[in-house]
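Student: Here you go, this is my_file03.cif (mmCIF, C-alpha atoms and all ligand atoms).
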data_start
loop_
_atom_site.label_atom_id
_atom_site.label_comp_id
_atom_site.auth_asym_id
_atom_site.auth_seq_id
_atom_site.Cartn_x
_atom_site.Cartn_y
_atom_site.Cartn_z
CA MET A 917 227.65 266.09 -60.94
CA GLU A 918 224.05 267.20 -61.30
CA ASN A 919 222.01 266.47 -58.18
CA SER A 920 219.23 264.46 -59.86
CA LYS A 921 221.81 262.36 -61.75
CA PHE A 922 223.52 261.64 -58.45
CA LYS A 923 220.19 260.55 -56.90
CA GLN A 924 219.51 258.23 -59.85
CA ILE A 925 222.94 256.60 -59.52
CA LEU A 926 222.49 256.31 -55.76
CA PHE A 927 219.09 254.69 -56.34
CA TRP A 928 220.60 252.03 -58.63
CA VAL A 929 223.63 251.42 -56.39
CA LEU A 930 221.37 250.93 -53.33
CA SER A 931 218.84 248.86 -55.31
CA CYS A 932 221.58 246.51 -56.55
CA THR A 933 223.39 246.08 -53.20
CA TRP A 934 221.36 246.61 -50.01
CA GLY A 935 218.09 246.19 -51.97
CA ILE A 936 219.27 243.29 -54.13
CA ILE A 937 216.64 240.77 -52.94
CA MET A 938 213.73 242.56 -54.61
CA SER A 939 215.84 243.85 -57.53
CA LEU A 940 217.04 240.33 -58.33
CA ILE A 941 213.44 239.06 -58.39
CA GLY A 942 212.63 242.08 -60.58
CA GLY A 943 215.56 241.39 -62.90
CA ILE A 944 214.50 237.77 -63.39
CA ALA A 945 210.88 238.87 -64.02
CA ALA A 946 212.15 241.51 -66.49
CA LEU A 947 214.16 238.92 -68.45
CA ALA A 948 211.17 236.56 -68.52
CA LEU A 949 208.88 239.36 -69.73
CA ILE A 950 211.35 240.45 -72.42
CA ALA A 951 211.62 236.81 -73.55
CA ALA A 952 207.80 236.71 -73.72
CA GLY A 953 207.82 239.75 -76.00
CA TYR A 954 206.99 242.57 -73.55
CA LYS A 955 208.79 245.87 -74.06
CA PRO A 956 210.59 247.48 -71.11
CA LYS A 957 209.66 251.14 -70.50
CA ARG A 958 211.18 253.85 -68.35
CA PHE A 959 209.53 255.76 -65.54
CA HIS A 960 212.18 258.18 -64.26
CA CYS A 961 215.03 255.95 -63.03
CA LEU A 962 212.93 252.76 -62.88
CA ILE A 963 212.20 250.19 -65.59
CA TYR A 964 208.66 248.93 -65.92
CA PHE A 965 206.42 246.68 -68.01
CA GLU A 966 202.73 246.85 -68.81
CA VAL A 967 201.06 243.45 -68.49
CA GLY A 968 197.37 242.50 -68.41
CA THR A 969 194.50 244.80 -67.49
CA ASP A 970 192.77 246.11 -64.37
CA TRP A 971 194.86 244.60 -61.61
CA GLY A 972 197.02 247.46 -60.35
CA GLY A 973 200.76 246.95 -60.06
CA VAL A 974 203.66 245.32 -58.26
CA ASN A 975 207.08 246.70 -57.42
CA LEU A 976 210.20 244.54 -57.67
CA GLY A 977 213.10 246.78 -56.60
CA CYS A 978 214.28 248.96 -59.51
CA PHE A 979 211.61 247.32 -61.71
CA PHE A 980 207.83 247.36 -61.55
CA ILE A 981 204.94 245.81 -63.44
CA VAL A 982 201.58 247.55 -63.90
CA SER A 983 198.44 246.81 -65.88
CA LYS A 984 198.03 248.37 -69.33
CA ASN A 985 197.11 252.07 -69.44
CA SER A 986 197.69 252.42 -65.73
CA SER A 987 197.45 255.89 -64.22
CA LEU A 988 200.32 258.17 -63.25
CA HIS A 989 199.18 257.58 -59.66
CA THR A 990 199.77 253.81 -59.95
CA LYS A 991 203.22 254.30 -61.49
CA GLN A 992 204.16 256.83 -58.81
CA HIS A 993 202.97 254.43 -56.12
CA GLU A 994 204.99 251.47 -57.48
CA ALA A 995 208.06 253.69 -57.97
CA GLY A 996 207.55 254.86 -54.36
CA HIS A 997 207.87 251.21 -53.27
CA GLY A 998 211.13 251.17 -55.27
CA LEU A 999 212.44 254.02 -53.11
CA GLN A 1000 211.31 252.16 -49.98
CA ASN A 1001 213.34 249.17 -51.21
CA ALA A 1002 216.44 251.36 -51.64
CA MET A 1003 215.95 252.60 -48.06
CA LEU A 1004 214.89 249.38 -46.31
CA GLY A 1005 217.06 246.99 -48.34
CA VAL A 1006 217.05 243.43 -47.07
CA PHE A 1007 214.14 244.21 -44.72
CA MET A 1008 211.87 245.29 -47.59
CA PRO A 1009 210.34 241.84 -48.36
CA PHE A 1010 209.42 241.22 -44.72
CA VAL A 1011 208.39 244.73 -43.66
CA ILE A 1012 206.50 245.77 -46.80
CA CYS A 1013 206.29 243.37 -49.78
CA ILE A 1014 204.80 240.33 -48.02
CA PRO A 1015 202.36 242.32 -45.80
CA SER A 1016 201.32 244.37 -48.85
CA LEU A 1017 200.75 241.26 -50.97
CA VAL A 1018 198.76 239.51 -48.21
CA ARG A 1019 196.63 242.62 -47.67
CA TYR A 1020 196.03 243.00 -51.43
CA TRP A 1021 194.74 239.42 -51.76
CA TYR A 1022 192.79 239.55 -48.52
CA ARG A 1023 190.91 242.65 -49.76
CA LYS A 1024 190.25 240.88 -53.08
CA TYR A 1025 188.96 237.85 -51.19
CA LEU A 1026 186.59 239.97 -49.02
CA ILE A 1027 185.06 241.51 -52.15
CA LYS A 1028 184.91 238.30 -54.25
CA SER A 1029 183.27 236.36 -51.42
CA ASP A 1030 180.72 239.18 -50.87
CA LYS A 1031 181.87 239.68 -47.28
CA LYS A 1032 182.52 243.38 -47.96
CA LEU A 1033 181.77 246.02 -50.56
CA TYR A 1034 184.75 247.91 -51.93
CA SER A 1035 183.33 251.06 -50.31
CA GLU A 1036 183.37 249.36 -46.91
CA LEU A 1037 187.09 248.63 -47.04
CA PRO A 1038 189.49 251.14 -45.51
CA ALA A 1039 191.24 253.29 -48.15
CA TYR A 1040 194.07 251.41 -49.88
CA ASP A 1041 196.61 253.97 -48.68
CA SER A 1042 195.31 254.00 -45.10
CA ILE A 1043 197.99 251.52 -43.99
CA TRP A 1044 201.39 253.17 -43.39
CA PHE A 1045 203.49 251.41 -46.06
CA GLU A 1046 200.99 252.08 -48.87
CA GLY A 1047 200.42 255.72 -47.90
CA TRP A 1048 204.18 256.19 -47.62
CA ALA A 1049 204.77 254.66 -51.10
CA THR A 1050 202.21 257.05 -52.61
CA SER A 1051 203.66 260.13 -50.93
CA LEU A 1052 207.24 259.17 -51.89
CA GLY A 1053 206.16 258.60 -55.50
CA GLU A 1054 204.24 261.88 -55.74
CA LYS A 1055 207.16 263.77 -54.22
CA HIS A 1056 209.98 262.30 -56.33
CA PHE A 1057 208.34 261.18 -59.59
CA TYR A 1058 205.96 263.92 -60.65
CA GLU A 1059 204.82 264.38 -64.29
ZN ZN A 1101 201.57 249.40 -52.77
#
Could I get this structure in the form of structure tokens?
Ligand SMILES: [Zn+2]

Tutor:
Amino acid sequence: MENSKFKQILFWVLSCTWGIIMSLIGGIAALALIAAGYKPKRFHCLIYFEVGTDWGGVNLGCFFIVSKNSSLHTKQHEAGHGLQNAMLGVFMPFVICIPSLVRYWYRKYLIKSDKKLYSELPAYDSIWFEGWATSLGEKHFYE
């Protein structure tokens, strides 16, 4: 079997067993989005949806959701979180998803409440799990 095919199958097997918590949430979100008329798209071995504008993205196991016309960088980053989920499995929500979500909203709050300028915040990828997601995505999901 071709190596990349094998990796894709391994990704789905891990995502749907060890990483089932996030993939199940993603699967439910995907069904809800399809029911609401959104079209699923493919980014390498992941399935994603484009919803809303200018908010970034969220990874849900083998699925992710990004804003419309999002950059390759954003898709690579969310797909990188998908690989983290395949590796970290049941620990993913506690080690990465929840801290990442809290940090995302806390940064938004600092800017909205005029406590900080965006330029004063540390780089988004400066925390280990975000930087790791970006480097995984750039390494495995180029073009
Ligand atoms: Zn992230």

Student: Fewer than 4 positions away in the same chain doesn't count, so skip those; otherwise give me all residues within 8 Å of stretch 1036-1038 of chain A, counting all atoms listed in the file, as a list in words.

Tutor: Arg1023, Lys1032 and Ser1042 of chain A

Student: Taking only residues of chain A that have an atom at most 7 Å from an atom of ligand ZN 1101 (chain A), what is each one's shortest atom pair and its distance in Å to one decimal, using only C-alpha atoms and all ligand atoms, in chain and number order, as a tab-separated table?

Tutor:
residue	atom	partner	partner_atom	distance
A:His993	CA	A:ZN1101	ZN	6.2
A:Glu994	CA	A:ZN1101	ZN	6.2
A:His997	CA	A:ZN1101	ZN	6.6
A:Ser1016	CA	A:ZN1101	ZN	6.4
A:Glu1046	CA	A:ZN1101	ZN	4.8
A:Ala1049	CA	A:ZN1101	ZN	6.4

Student: Which of these residues is nearest to A:Tyr954, using all atoms listed in the file: A:Leu988, A:Leu976, A:Leu1017, A:Ile981?

Tutor: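 When distances to A:Tyr954 are compared using all atoms listed in the file, the smallest one comes from A:Ile981.
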
Student: Please provide as a VMD selection string all residues within 9 Å of stretch 930-941 of chain A, with the sequence filter that same-chain residues fewer than 5 positions apart are discarded (counting all atoms listed in the file).

Tutor: chain A and resid 925 946 975 to 979 998 to 999 1001 to 1009 1013

Student: Between A:Pro956, A:Pro1015, A:Gly973, A:Gly996, which has the minimum distance to A:Leu1052 (counting all atoms listed in the file)?

Tutor: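 With all atoms listed in the file as the atom set, the closest residue is A:Gly996.
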
Student: What does the distance from atom CA of A:Val974 to atom CA of A:Tyr1020 come to in Å, to one decimal?

Tutor: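 If I compute the distance from atom CA of A:Val974 to atom CA of A:Tyr1020, I get 10.5 Å.
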